[in-house]
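Undergrad: The file below is protein18.cif, mmCIF, C-alpha atoms:
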data_input
loop_
_atom_site.label_atom_id
_atom_site.label_comp_id
_atom_site.auth_asym_id
_atom_site.auth_seq_id
_atom_site.Cartn_x
_atom_site.Cartn_y
_atom_site.Cartn_z
CA MET S 2 40.25 -24.05 105.74
CA ALA S 3 41.48 -27.33 104.18
CA PHE S 4 38.44 -29.20 105.55
CA SER S 5 36.10 -26.53 104.22
CA ALA S 6 37.69 -26.73 100.78
CA LEU S 7 37.43 -30.54 100.83
CA ALA S 8 33.75 -30.41 101.85
CA THR S 9 32.99 -27.88 99.14
CA GLY S 10 34.84 -29.96 96.56
CA THR S 11 33.01 -33.13 97.60
CA ALA S 12 29.64 -31.38 97.41
CA LEU S 13 30.44 -30.06 93.95
CA LEU S 14 31.53 -33.54 92.85
CA TRP S 15 28.27 -35.10 94.01
CA LEU S 16 26.30 -32.29 92.38
CA ALA S 17 28.17 -32.88 89.12
CA LEU S 18 27.54 -36.62 89.31
CA GLY S 19 23.86 -36.03 90.02
CA CYS S 20 23.56 -33.61 87.10
CA SER S 21 25.36 -36.11 84.88
CA ARG S 22 22.94 -38.88 85.86
CA ASP S 23 19.98 -36.59 85.26
CA ALA S 24 21.33 -35.55 81.87
CA SER S 25 21.87 -39.20 80.92
CA TYR S 26 18.32 -40.06 81.97
CA ASP S 27 16.90 -37.11 80.05
CA ARG S 28 18.76 -38.22 76.91
CA SER S 29 17.24 -41.69 77.21
CA LEU S 30 13.79 -40.18 77.66
CA ASP S 31 14.22 -37.90 74.65
CA ARG S 32 15.40 -40.81 72.48
CA LEU S 33 12.32 -42.86 73.35
CA ALA S 34 10.00 -39.88 72.79
CA ALA S 35 11.61 -39.16 69.42
CA GLU S 36 11.36 -42.81 68.40
CA LEU S 37 7.65 -42.83 69.16
CA GLU S 38 7.07 -39.49 67.44
CA ARG S 39 8.78 -40.74 64.26
CA ARG S 40 6.39 -43.66 63.85
CA PRO S 41 4.04 -42.88 60.94
CA ALA S 42 0.79 -43.50 62.83
CA ASN S 43 1.92 -41.39 65.78
CA ARG S 44 3.20 -38.62 63.53
CA ALA S 45 -0.09 -38.60 61.61
CA LEU S 46 -2.08 -38.36 64.85
CA ALA S 47 0.05 -35.46 66.09
CA VAL S 48 -0.50 -33.59 62.81
CA ARG S 49 -4.27 -34.11 62.99
CA VAL S 50 -4.44 -33.00 66.62
CA GLU S 51 -2.41 -29.86 65.93
CA ALA S 52 -4.66 -29.06 62.99
CA ALA S 53 -7.79 -29.44 65.15
CA VAL S 54 -6.64 -27.84 68.42
CA LEU S 55 -6.67 -24.13 67.59
CA PRO S 56 -10.44 -23.46 68.07
CA PHE S 57 -10.30 -25.18 71.47
CA GLU S 58 -7.46 -22.89 72.54
CA ARG S 59 -8.99 -19.68 71.18
CA ASP S 60 -12.63 -20.09 72.21
CA PRO S 61 -13.01 -23.33 74.17
CA GLU S 62 -16.61 -22.78 75.25
CA SER S 63 -17.95 -22.31 71.73
CA ALA S 64 -15.71 -24.98 70.21
CA ASN S 65 -16.67 -27.56 72.84
CA ARG S 66 -20.36 -26.71 72.48
CA ALA S 67 -20.11 -27.41 68.75
CA LEU S 68 -18.15 -30.60 69.41
CA ARG S 69 -20.77 -31.88 71.88
CA ALA S 70 -23.51 -31.24 69.33
CA GLU S 71 -21.62 -33.22 66.69
CA ILE S 72 -21.00 -36.08 69.11
CA GLU S 73 -24.71 -36.11 69.96
CA ARG S 74 -25.78 -36.14 66.30
CA ALA S 75 -23.38 -39.01 65.59
CA GLY S 76 -25.03 -41.23 68.21
CA LEU S 77 -21.96 -41.19 70.44
CA ALA S 78 -21.42 -40.30 74.10
CA VAL S 79 -18.32 -39.38 76.10
CA VAL S 80 -17.88 -41.87 78.96
CA ARG S 81 -15.28 -41.26 81.69
CA VAL S 82 -13.47 -44.16 83.42
CA PRO S 83 -11.56 -43.01 86.53
CA GLY S 84 -8.22 -44.00 88.01
CA LEU S 85 -7.24 -45.31 91.42
CA LEU S 86 -8.38 -43.63 94.63
CA TYR S 87 -10.35 -41.01 92.73
CA GLU S 88 -12.76 -40.55 95.65
CA THR S 89 -10.13 -40.44 98.38
CA TYR S 90 -7.81 -38.08 96.51
CA PRO S 91 -9.96 -36.05 94.10
CA GLU S 92 -7.19 -33.46 93.86
CA THR S 93 -5.25 -35.84 91.59
CA GLY S 94 -7.90 -35.40 88.90
CA ALA S 95 -8.31 -39.16 88.61
CA ASP S 96 -12.11 -38.81 88.48
CA LEU S 97 -11.74 -36.78 85.24
CA ALA S 98 -14.23 -34.25 86.61
CA GLY S 99 -12.04 -31.62 84.99
CA VAL S 100 -12.74 -33.23 81.63
CA ASP S 101 -16.49 -33.01 82.26
CA ARG S 102 -16.24 -29.34 83.23
CA TRP S 103 -14.05 -28.56 80.23
CA LEU S 104 -16.55 -30.13 77.84
CA GLY S 105 -19.46 -28.29 79.44
CA GLY S 106 -20.94 -31.15 81.44
CA GLY S 107 -23.18 -34.05 80.50
CA THR S 108 -20.47 -36.68 80.13
CA ALA S 109 -21.17 -40.13 81.52
CA PHE S 110 -19.19 -41.59 84.42
CA VAL S 111 -18.47 -45.23 85.23
CA ALA S 112 -18.04 -45.27 89.00
CA THR S 113 -15.69 -48.23 89.29
CA PRO S 114 -14.76 -49.08 92.91
CA GLU S 115 -11.69 -46.94 93.58
CA ARG S 116 -9.59 -49.80 95.04
CA ALA S 117 -10.90 -52.58 92.78
CA THR S 118 -8.66 -55.01 90.94
CA VAL S 119 -8.26 -54.53 87.21
CA GLU S 120 -10.55 -57.50 86.63
CA GLU S 121 -13.25 -56.06 88.92
CA GLY S 122 -12.98 -52.66 87.26
CA ALA S 123 -13.22 -54.26 83.83
CA ALA S 124 -16.34 -56.20 84.83
CA HIS S 125 -17.94 -53.02 86.18
CA LEU S 126 -17.22 -51.20 82.92
CA ALA S 127 -18.51 -54.11 80.84
CA ARG S 128 -21.82 -54.10 82.72
CA ALA S 129 -22.16 -50.35 82.25
CA LEU S 130 -21.57 -50.60 78.51
CA ARG S 131 -23.98 -53.53 78.08
CA GLU S 132 -26.76 -52.49 80.42
CA GLU S 133 -26.63 -48.75 81.12
CA LEU S 134 -25.40 -47.08 77.96
CA PRO S 135 -28.47 -46.12 75.89
CA ALA S 136 -29.08 -48.56 73.07
CA ASP S 137 -28.87 -45.84 70.42
CA ARG S 138 -25.35 -44.83 71.42
CA ARG S 139 -21.76 -45.95 71.32
CA ALA S 140 -19.17 -44.77 73.81
CA LEU S 141 -16.21 -42.47 73.32
CA LEU S 142 -14.30 -43.79 76.32
CA VAL S 143 -11.91 -41.45 78.15
CA SER S 144 -9.89 -43.15 80.88
CA ALA S 145 -7.09 -42.20 83.26
CA SER S 146 -4.23 -44.26 84.65
CA LYS S 147 -5.59 -47.50 86.18
CA GLY S 148 -8.92 -46.81 84.47
CA SER S 149 -7.11 -47.48 81.20
CA ALA S 150 -6.08 -50.91 82.47
CA ASP S 151 -9.78 -51.51 83.24
CA VAL S 152 -10.80 -50.45 79.72
CA ARG S 153 -8.18 -52.56 78.02
CA ALA S 154 -9.00 -55.62 80.13
CA ALA S 155 -12.74 -55.25 79.46
CA LEU S 156 -12.40 -54.88 75.69
CA GLU S 157 -9.81 -57.63 75.32
CA ALA S 158 -11.79 -60.05 77.48
CA GLU S 159 -15.11 -59.34 75.71
CA PRO S 160 -14.49 -58.30 72.08
CA ASP S 161 -18.26 -57.96 71.57
CA LEU S 162 -18.10 -54.82 73.70
CA ALA S 163 -16.40 -53.13 70.76
CA ALA S 164 -19.86 -52.75 69.26
CA ARG S 165 -20.65 -50.44 72.20
CA SER S 166 -17.31 -48.56 72.10
CA ALA S 167 -16.44 -46.48 69.05
CA ALA S 168 -13.18 -45.15 70.44
CA TRP S 169 -10.98 -45.06 73.51
CA ILE S 170 -8.82 -42.11 74.55
CA ASP S 171 -6.31 -43.25 77.15
CA LEU S 172 -4.65 -40.65 79.38
CA VAL S 173 -1.37 -41.86 80.94
CA GLY S 174 -2.72 -45.39 81.02
CA VAL S 175 -1.36 -48.35 82.95
CA LEU S 176 -1.17 -50.39 79.74
CA GLU S 177 1.24 -53.07 80.95
CA GLY S 178 1.06 -52.67 84.72
CA THR S 179 3.64 -50.92 86.87
CA PRO S 180 6.79 -52.30 88.51
CA LEU S 181 5.82 -50.31 91.62
CA SER S 182 3.40 -53.14 92.44
CA ASP S 183 5.77 -56.00 91.66
CA PRO S 184 6.54 -58.34 94.58
CA GLY S 185 10.08 -57.73 95.75
CA MET S 186 10.20 -54.10 94.61
CA PRO S 187 11.06 -51.61 97.38
CA SER S 188 7.87 -49.72 96.55
CA ARG S 189 5.61 -52.73 97.13
CA GLY S 190 5.15 -51.97 100.83
CA ALA S 191 4.10 -48.39 100.15
CA VAL S 192 1.61 -49.60 97.52
CA LEU S 193 0.04 -51.99 100.04
CA GLU S 194 -0.55 -49.11 102.45
CA PHE S 195 -3.13 -47.80 99.98
CA LEU S 196 -4.38 -50.83 98.06
CA PRO S 197 -5.54 -54.37 98.82
CA GLU S 198 -2.97 -57.00 97.89
CA ALA S 199 -5.19 -58.38 95.11
CA THR S 200 -5.39 -54.94 93.50
CA ALA S 201 -1.64 -54.44 93.79
CA ASP S 202 -1.11 -57.84 92.18
CA SER S 203 -3.52 -57.04 89.34
CA LEU S 204 -1.54 -53.86 88.59
CA SER S 205 1.82 -55.58 88.72
CA ARG S 206 3.85 -55.36 85.52
CA ARG S 207 4.67 -59.07 85.88
CA VAL S 208 0.95 -59.88 85.77
CA GLN S 209 -0.16 -57.38 83.15
CA ARG S 210 2.63 -57.94 80.62
CA GLU S 211 1.73 -61.61 80.45
CA ARG S 212 -1.95 -60.81 79.95
CA VAL S 213 -1.98 -57.98 77.44
CA ALA S 214 -1.05 -58.03 73.78
CA SER S 215 -1.92 -55.55 71.06
CA ALA S 216 -3.20 -58.39 68.90
CA HIS S 217 -5.96 -59.05 71.45
CA PHE S 218 -7.39 -55.54 71.28
CA PRO S 219 -10.57 -55.37 69.15
CA SER S 220 -9.99 -53.52 65.89
CA ALA S 221 -13.57 -52.20 65.95
CA THR S 222 -12.61 -49.82 68.78
CA ARG S 223 -10.10 -47.18 67.80
CA ALA S 224 -7.56 -46.45 70.54
CA TYR S 225 -5.61 -43.23 71.05
CA HIS S 226 -3.04 -42.77 73.81
CA VAL S 227 -1.76 -39.62 75.55
CA ALA S 228 1.65 -40.32 77.10
CA ALA S 229 3.42 -38.01 79.58
CA PHE S 230 7.17 -37.68 79.03
CA PRO S 231 8.75 -35.62 81.85
CA ARG S 232 12.43 -34.87 82.17
CA VAL S 233 13.90 -35.20 85.66
CA ALA S 234 13.35 -31.53 86.53
CA GLU S 235 9.75 -31.67 85.27
CA VAL S 236 8.55 -34.41 87.63
CA GLY S 237 6.15 -32.94 90.19
CA GLN S 238 6.30 -33.47 93.93
CA ARG S 239 3.49 -36.04 94.02
CA ALA S 240 5.25 -38.30 91.51
CA ARG S 241 8.85 -37.86 92.71
CA ALA S 242 9.21 -40.81 95.09
CA ALA S 243 7.81 -43.34 92.60
CA PHE S 244 9.79 -41.74 89.78
CA ALA S 245 13.00 -42.22 91.78
CA VAL S 246 12.28 -45.94 92.08
CA LEU S 247 11.32 -46.41 88.43
CA ARG S 248 14.13 -44.38 86.85
CA LEU S 249 16.49 -47.26 87.63
CA LEU S 250 14.41 -49.33 85.19
CA GLY S 251 14.08 -46.76 82.42
CA PRO S 252 12.13 -43.70 81.27
CA ASN S 253 8.89 -43.34 83.22
CA ASP S 254 6.20 -40.82 84.06
CA GLY S 255 6.24 -41.42 87.80
CA TYR S 256 3.97 -44.46 87.68
CA VAL S 257 4.51 -46.49 84.49
CA LEU S 258 7.46 -47.31 82.28
CA LEU S 259 7.12 -45.41 79.03
CA ASP S 260 8.41 -48.15 76.73
CA ALA S 261 4.94 -49.73 77.09
CA TYR S 262 3.65 -47.14 74.60
CA ALA S 263 5.84 -48.72 71.92
CA ARG S 264 3.47 -51.72 72.11
CA ALA S 265 0.21 -49.82 72.63
CA PRO S 266 -2.86 -50.76 70.55
CA GLY S 267 -3.25 -47.54 68.58
CA PRO S 268 -1.34 -44.32 67.97
CA VAL S 269 0.37 -42.39 70.74
CA LEU S 270 0.45 -38.63 71.32
CA VAL S 271 3.59 -37.70 73.27
CA VAL S 272 3.15 -34.85 75.77
CA ARG S 273 6.51 -33.53 76.93
CA GLY S 274 6.97 -31.78 80.25
CA ALA S 275 4.09 -33.44 82.14
CA ASP S 276 4.26 -36.37 84.55
CA HIS S 277 1.68 -39.05 85.40
CA TYR S 278 -0.46 -36.47 87.22
CA LEU S 279 -1.21 -34.56 84.05
CA ARG S 280 -1.77 -30.86 84.46
CA LEU S 281 -5.06 -31.07 82.68
CA GLU S 282 -5.33 -27.40 81.86
CA GLY S 283 -2.48 -27.81 79.38
CA VAL S 284 -3.80 -31.07 77.93
CA LEU S 285 -7.53 -30.34 77.69
CA PRO S 286 -7.48 -28.51 74.33
CA ARG S 287 -5.68 -31.49 72.83
CA LEU S 288 -8.18 -33.85 74.43
CA SER S 289 -10.96 -31.99 72.61
CA ALA S 290 -8.93 -32.20 69.41
CA LEU S 291 -8.50 -35.94 70.00
CA LEU S 292 -12.26 -36.30 70.49
CA ARG S 293 -12.75 -34.53 67.16
CA VAL S 294 -10.27 -36.94 65.51
CA ALA S 295 -12.10 -39.90 67.08
CA LEU S 296 -15.43 -38.49 65.89
CA GLU S 297 -14.13 -38.15 62.34
CA ASP S 298 -12.74 -41.68 62.40
CA ALA S 299 -15.96 -43.11 63.84
CA ALA S 300 -17.95 -41.36 61.11
CA GLY S 301 -15.62 -42.88 58.55
CA ASP S 302 -16.26 -46.33 59.97
CA ALA S 303 -20.04 -46.01 59.61
CA PRO S 304 -21.77 -47.51 56.55
CA VAL S 305 -22.60 -45.01 53.83
CA GLY S 306 -25.87 -43.23 54.59
CA GLU S 307 -25.83 -44.13 58.29
CA PRO S 308 -24.50 -42.23 61.30
CA ALA S 309 -21.55 -43.56 63.25
CA GLY S 310 -22.53 -46.82 64.89
CA GLY S 311 -24.99 -47.75 62.15
CA ARG S 312 -27.97 -46.51 64.13
CA SER S 313 -30.47 -43.75 63.69
CA ALA S 314 -29.11 -40.55 65.14
CA PRO S 315 -30.88 -39.48 68.34
CA GLY S 316 -33.01 -36.38 68.34
CA ALA S 317 -31.46 -33.05 69.14
CA GLY S 318 -31.68 -31.84 72.71
CA ARG S 319 -31.62 -35.30 74.31
CA ALA S 320 -30.91 -35.01 78.02
CA PRO S 321 -27.46 -36.13 79.19
CA TYR S 322 -27.25 -39.33 81.18
CA SER S 323 -24.94 -40.93 83.74
CA VAL S 324 -23.52 -44.42 83.89
CA ARG S 325 -23.09 -45.30 87.57
#
Can you dump the structure from the file as structure tokens?
TA:
Amino acid sequence: MAFSALATGTALLWLALGCSRDASYDRSLDRLAAELERRPANRALAVRVEAAVLPFERDPESANRALRAEIERAGLAVVRVPGLLYETYPETGADLAGVDRWLGGGTAFVATPERATVEEGAAHLARALREELPADRRALLVSASKGSADVRAALEAEPDLAARSAAWIDLVGVLEGTPLSDPGMPSRGAVLEFLPEATADSLSRRVQRERVASAHFPSATRAYHVAAFPRVAEVGQRARAAFAVLRLLGPNDGYVLLDAYARAPGPVLVVRGADHYLRLEGVLPRLSALLRVALEDAAGDAPVGEPAGGRSAPGAGRAPYSVR
């Protein structure tokens, strides 16, 4: 009886300690989220998205059809940039095929090699923007995870590409690398089971934080970031192991440390309750609202009397295209 009572007491103690650690982590996460949400640019973006989202929740098919027509008339095109291993594990949604279906099809896709380094992915994207995007269009880039590292690297390395990119919507982007890939981290071995060493190195936080800086990002491309902020209990099974490693370093979404969004080039939309593997069905209406915001901003950037991008608007009914 005494042993049973001791075992029960010990279990309860460990449970209490675990709950205390989780509560402490959640408080740190909430503080960072609140700090980001208070920033004027982020607050303004959230207000605009909330004002624009209702039609996409009520009648998404009609609202997205109207949005696509406006994007077409403005001389813009939605271009998807995928994340890691999007061919091997399509169930993660890293290919952003769900985005294409949500918008009604016809979005372009940059088929970066799924295990490429950031530099290789950036070069692939740069070629697509220079050589394959129709000359009468600018891109509305939508990227996921490592695809966002590719976008950022491409635009910072070649600022002239901003003339081909009106806006960039980053979904849970690897903006400053991830400690999961850092040499010496306990997760490094698991990363190398899936990725070449060069790719793991290119995604390392030690490498990326030295390379990136908001000042390097071209001002001609407007950037918008969607950041997942999950509490401990909201982290899904797929992200749990990596989350457990990263939580020792600070608030994270199961792949990246969330303090990177404090230094992001452009405003940040905080999404609470989702981890790095965004449940797209809950985010998609806000993605459409973000595209509408980007469209409005791109139109505001155009010279008076010209469509966004300073080019003649293409004719209605133009067939969709693919960047591959």
Undergrad: Please expand the PyMOL selection byres ((chain S and resi 274) around 6) into the concrete residues it hits in this file, giving the result as a PyMOL selection string.
TA: chain S and resi 231+235+273+275
Undergrad: List as JSON lines every residue of segment 154-253 of chain S that is in contact with segment 260-263 of chain S, defined as an atom at most 12 Å from one of its atoms (using only C-alpha atoms), together with the nearest atom pair and the distance in Å rounded to one decimal, sorted by chain and then rising number.
TA:
{"residue": "S:Asp171", "atom": "CA", "partner": "S:Tyr262", "partner_atom": "CA", "distance": 11.0}
{"residue": "S:Leu172", "atom": "CA", "partner": "S:Tyr262", "partner_atom": "CA", "distance": 11.6}
{"residue": "S:Val173", "atom": "CA", "partner": "S:Tyr262", "partner_atom": "CA", "distance": 9.7}
{"residue": "S:Gly174", "atom": "CA", "partner": "S:Tyr262", "partner_atom": "CA", "distance": 9.2}
{"residue": "S:Val175", "atom": "CA", "partner": "S:Ala261", "partner_atom": "CA", "distance": 8.7}
{"residue": "S:Leu176", "atom": "CA", "partner": "S:Ala261", "partner_atom": "CA", "distance": 6.7}
{"residue": "S:Glu177", "atom": "CA", "partner": "S:Ala261", "partner_atom": "CA", "distance": 6.3}
{"residue": "S:Gly178", "atom": "CA", "partner": "S:Ala261", "partner_atom": "CA", "distance": 9.1}
{"residue": "S:Thr179", "atom": "CA", "partner": "S:Ala261", "partner_atom": "CA", "distance": 9.9}
{"residue": "S:Pro180", "atom": "CA", "partner": "S:Ala261", "partner_atom": "CA", "distance": 11.9}
{"residue": "S:Arg206", "atom": "CA", "partner": "S:Ala261", "partner_atom": "CA", "distance": 10.2}
{"residue": "S:Gln209", "atom": "CA", "partner": "S:Ala261", "partner_atom": "CA", "distance": 11.0}
{"residue": "S:Arg210", "atom": "CA", "partner": "S:Ala261", "partner_atom": "CA", "distance": 9.2}
{"residue": "S:Val213", "atom": "CA", "partner": "S:Ala261", "partner_atom": "CA", "distance": 10.8}
{"residue": "S:Ala214", "atom": "CA", "partner": "S:Ala261", "partner_atom": "CA", "distance": 10.8}
{"residue": "S:Ser215", "atom": "CA", "partner": "S:Ala263", "partner_atom": "CA", "distance": 10.4}
{"residue": "S:Ala224", "atom": "CA", "partner": "S:Tyr262", "partner_atom": "CA", "distance": 11.9}
{"residue": "S:Tyr225", "atom": "CA", "partner": "S:Tyr262", "partner_atom": "CA", "distance": 10.7}
{"residue": "S:His226", "atom": "CA", "partner": "S:Tyr262", "partner_atom": "CA", "distance": 8.0}
{"residue": "S:Val227", "atom": "CA", "partner": "S:Tyr262", "partner_atom": "CA", "distance": 9.3}
{"residue": "S:Ala228", "atom": "CA", "partner": "S:Tyr262", "partner_atom": "CA", "distance": 7.5}
{"residue": "S:Ala229", "atom": "CA", "partner": "S:Tyr262", "partner_atom": "CA", "distance": 10.4}
{"residue": "S:Phe230", "atom": "CA", "partner": "S:Asp260", "partner_atom": "CA", "distance": 10.8}
{"residue": "S:Leu250", "atom": "CA", "partner": "S:Asp260", "partner_atom": "CA", "distance": 10.4}
{"residue": "S:Gly251", "atom": "CA", "partner": "S:Asp260", "partner_atom": "CA", "distance": 8.2}
{"residue": "S:Pro252", "atom": "CA", "partner": "S:Asp260", "partner_atom": "CA", "distance": 7.4}
{"residue": "S:Asn253", "atom": "CA", "partner": "S:Asp260", "partner_atom": "CA", "distance": 8.1}
Undergrad: On this file, the PyMOL selection byres ((chain S and resi 246) around 10) gives some set of residues; write that set as a PDB file with C-alpha atoms, keeping the file's coordinate frame.
TA:
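Generated output (part33.pdb):
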ATOM      1  CA  PRO S 180       6.790 -52.300  88.510  1.00  0.00           C
ATOM      2  CA  LEU S 181       5.820 -50.310  91.620  1.00  0.00           C
ATOM      3  CA  MET S 186      10.200 -54.100  94.610  1.00  0.00           C
ATOM      4  CA  PRO S 187      11.060 -51.610  97.380  1.00  0.00           C
ATOM      5  CA  SER S 188       7.870 -49.720  96.550  1.00  0.00           C
ATOM      6  CA  ARG S 241       8.850 -37.860  92.710  1.00  0.00           C
ATOM      7  CA  ALA S 242       9.210 -40.810  95.090  1.00  0.00           C
ATOM      8  CA  ALA S 243       7.810 -43.340  92.600  1.00  0.00           C
ATOM      9  CA  PHE S 244       9.790 -41.740  89.780  1.00  0.00           C
ATOM     10  CA  ALA S 245      13.000 -42.220  91.780  1.00  0.00           C
ATOM     11  CA  LEU S 247      11.320 -46.410  88.430  1.00  0.00           C
ATOM     12  CA  ARG S 248      14.130 -44.380  86.850  1.00  0.00           C
ATOM     13  CA  LEU S 249      16.490 -47.260  87.630  1.00  0.00           C
ATOM     14  CA  LEU S 250      14.410 -49.330  85.190  1.00  0.00           C
ATOM     15  CA  GLY S 251      14.080 -46.760  82.420  1.00  0.00           C
ATOM     16  CA  ASN S 253       8.890 -43.340  83.220  1.00  0.00           C
ATOM     17  CA  GLY S 255       6.240 -41.420  87.800  1.00  0.00           C
ATOM     18  CA  TYR S 256       3.970 -44.460  87.680  1.00  0.00           C
TER      19      TYR S 256
END
Undergrad: Box for segment 133-139 of chain S: with edges along x, y and z, all listed atoms inside and 8 Å added on each side, what are the centre and edge lengths in Å to one decimal, as JSON?
TA:
{"center_x": -25.4, "center_y": -46.8, "center_z": 75.8, "size_x": 23.3, "size_y": 19.9, "size_z": 26.7}
Undergrad: What's around Ala123 of chain S at 10 Å? Count all atoms listed in the file, leave out sequence neighbours fewer than 4 positions away in its own chain, and write the answer as a compact mmCIF listing (two decimals) with C-alpha atoms, in the coordinates of the input.
TA:
# COMPACT_ATOMS: atom_id res chain seq x y z
CA THR S 113 -15.69 -48.23 89.29
CA ALA S 117 -10.90 -52.58 92.78
CA THR S 118 -8.66 -55.01 90.94
CA VAL S 119 -8.26 -54.53 87.21
CA ALA S 127 -18.51 -54.11 80.84
CA ARG S 128 -21.82 -54.10 82.72
CA ALA S 129 -22.16 -50.35 82.25
CA GLY S 148 -8.92 -46.81 84.47
CA SER S 149 -7.11 -47.48 81.20
CA ALA S 150 -6.08 -50.91 82.47
CA ASP S 151 -9.78 -51.51 83.24
CA VAL S 152 -10.80 -50.45 79.72
CA ARG S 153 -8.18 -52.56 78.02
CA ALA S 154 -9.00 -55.62 80.13
CA ALA S 155 -12.74 -55.25 79.46
CA LEU S 156 -12.40 -54.88 75.69
CA GLU S 157 -9.81 -57.63 75.32
CA ALA S 158 -11.79 -60.05 77.48
CA GLU S 159 -15.11 -59.34 75.71
Undergrad: Find the residues near Glu198 of chain S: any atom within 12 Å, counting all atoms listed in the file, skip ones fewer than 3 places away on the same chain, and give them as an MDAnalysis selection string.
TA: chainID S and resid 116:118 182:184 189:195 201:205
Undergrad: Convert the current residue selection to file output with C-alpha atoms, as a compact mmCIF listing (two decimals), in the frame of the given file.
TA:
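Contents of part-v4.txt, freshly written:
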# COMPACT_ATOMS: atom_id res chain seq x y z
CA ARG S 116 -9.59 -49.80 95.04
CA ALA S 117 -10.90 -52.58 92.78
CA THR S 118 -8.66 -55.01 90.94
CA SER S 182 3.40 -53.14 92.44
CA ASP S 183 5.77 -56.00 91.66
CA PRO S 184 6.54 -58.34 94.58
CA ARG S 189 5.61 -52.73 97.13
CA GLY S 190 5.15 -51.97 100.83
CA ALA S 191 4.10 -48.39 100.15
CA VAL S 192 1.61 -49.60 97.52
CA LEU S 193 0.04 -51.99 100.04
CA GLU S 194 -0.55 -49.11 102.45
CA PHE S 195 -3.13 -47.80 99.98
CA ALA S 201 -1.64 -54.44 93.79
CA ASP S 202 -1.11 -57.84 92.18
CA SER S 203 -3.52 -57.04 89.34
CA LEU S 204 -1.54 -53.86 88.59
CA SER S 205 1.82 -55.58 88.72
Undergrad: Selected by the PyMOL selection byres ((chain S and resi 95) around 10) in the shown coordinates: which residues, as an MDAnalysis selection string?
TA: chainID S and resid 82:88 90:94 96:99 115 144:148 278:279
Undergrad: Within 10 Å of segment 291-298 of chain S, which residues of segment 54-145 of chain S come that close, and what is the closest atom pair and distance in Å for each? Count all atoms listed in the file and give it as CSV.
TA:
residue,atom,partner,partner_atom,distance
S:Val54,CA,S:Leu291,CA,8.5
S:Asn65,CA,S:Arg293,CA,9.8
S:Leu68,CA,S:Arg293,CA,7.0
S:Arg69,CA,S:Arg293,CA,9.7
S:Glu71,CA,S:Leu296,CA,8.2
S:Ile72,CA,S:Leu296,CA,6.9
S:Ala75,CA,S:Leu296,CA,8.0
S:Leu77,CA,S:Leu296,CA,8.4
S:Val79,CA,S:Leu292,CA,8.8
S:Leu141,CA,S:Leu292,CA,7.9
S:Leu142,CA,S:Leu292,CA,9.7
S:Val143,CA,S:Leu292,CA,9.2
Undergrad: Those same residues, written as a short mmCIF file (atom, residue, chain, number, x, y, z; two decimals), in the coordinates of the input with C-alpha atoms?
TA:
data_model
loop_
_atom_site.label_atom_id
_atom_site.label_comp_id
_atom_site.auth_asym_id
_atom_site.auth_seq_id
_atom_site.Cartn_x
_atom_site.Cartn_y
_atom_site.Cartn_z
CA VAL S 54 -6.64 -27.84 68.42
CA ASN S 65 -16.67 -27.56 72.84
CA LEU S 68 -18.15 -30.60 69.41
CA ARG S 69 -20.77 -31.88 71.88
CA GLU S 71 -21.62 -33.22 66.69
CA ILE S 72 -21.00 -36.08 69.11
CA ALA S 75 -23.38 -39.01 65.59
CA LEU S 77 -21.96 -41.19 70.44
CA VAL S 79 -18.32 -39.38 76.10
CA LEU S 141 -16.21 -42.47 73.32
CA LEU S 142 -14.30 -43.79 76.32
CA VAL S 143 -11.91 -41.45 78.15
#
Undergrad: Nearest residue to Ala199 of chain S out of S:Arg138, S:Glu121, S:Asn43, S:Val233, using only C-alpha atoms?
TA: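 Counting only C-alpha atoms, the residue closest to Ala199 of chain S is S:Glu121.
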Undergrad: Do you have the atom CA of Arg81 of chain S-atom CA of Glu132 of chain S distance handy?
TA: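 One can read the atom CA of Arg81 of chain S to atom CA of Glu132 of chain S distance as 16.1 Å.
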Undergrad: Which residue gives the smallest distance to Gln238 of chain S among S:Glu51, S:Glu38, S:Asp137, S:Asp276, with only C-alpha atoms counted?
TA: S:Asp276
Undergrad: Which residue, S:Ala52, S:Pro219, S:Ala240, S:Arg102, has the smallest gap to Leu285 of chain S when you use only C-alpha atoms?
TA: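 The closest residue to Leu285 of chain S is S:Arg102.
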Undergrad: Work out how far apart atom CA of Arg49 of chain S and atom CA of Asp302 of chain S are and give it in Å to one decimal.
TA: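 Atom CA of Asp302 of chain S lies at a distance of 17.4 Å from atom CA of Arg49 of chain S.
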Undergrad: How many Å lie between atom CA of Arg223 of chain S and atom CA of Ala163 of chain S, rounded to one decimal?
TA: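 Computed distance, atom CA of Arg223 of chain S to atom CA of Ala163 of chain S, equals 9.2 Å.
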Undergrad: Pick the closest to Ala290 of chain S from S:Ala24, S:Ala45, S:Ala70, S:Ala64: which is it, counting only C-alpha atoms?
TA: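 For Ala290 of chain S, the nearest of the candidates is S:Ala64.
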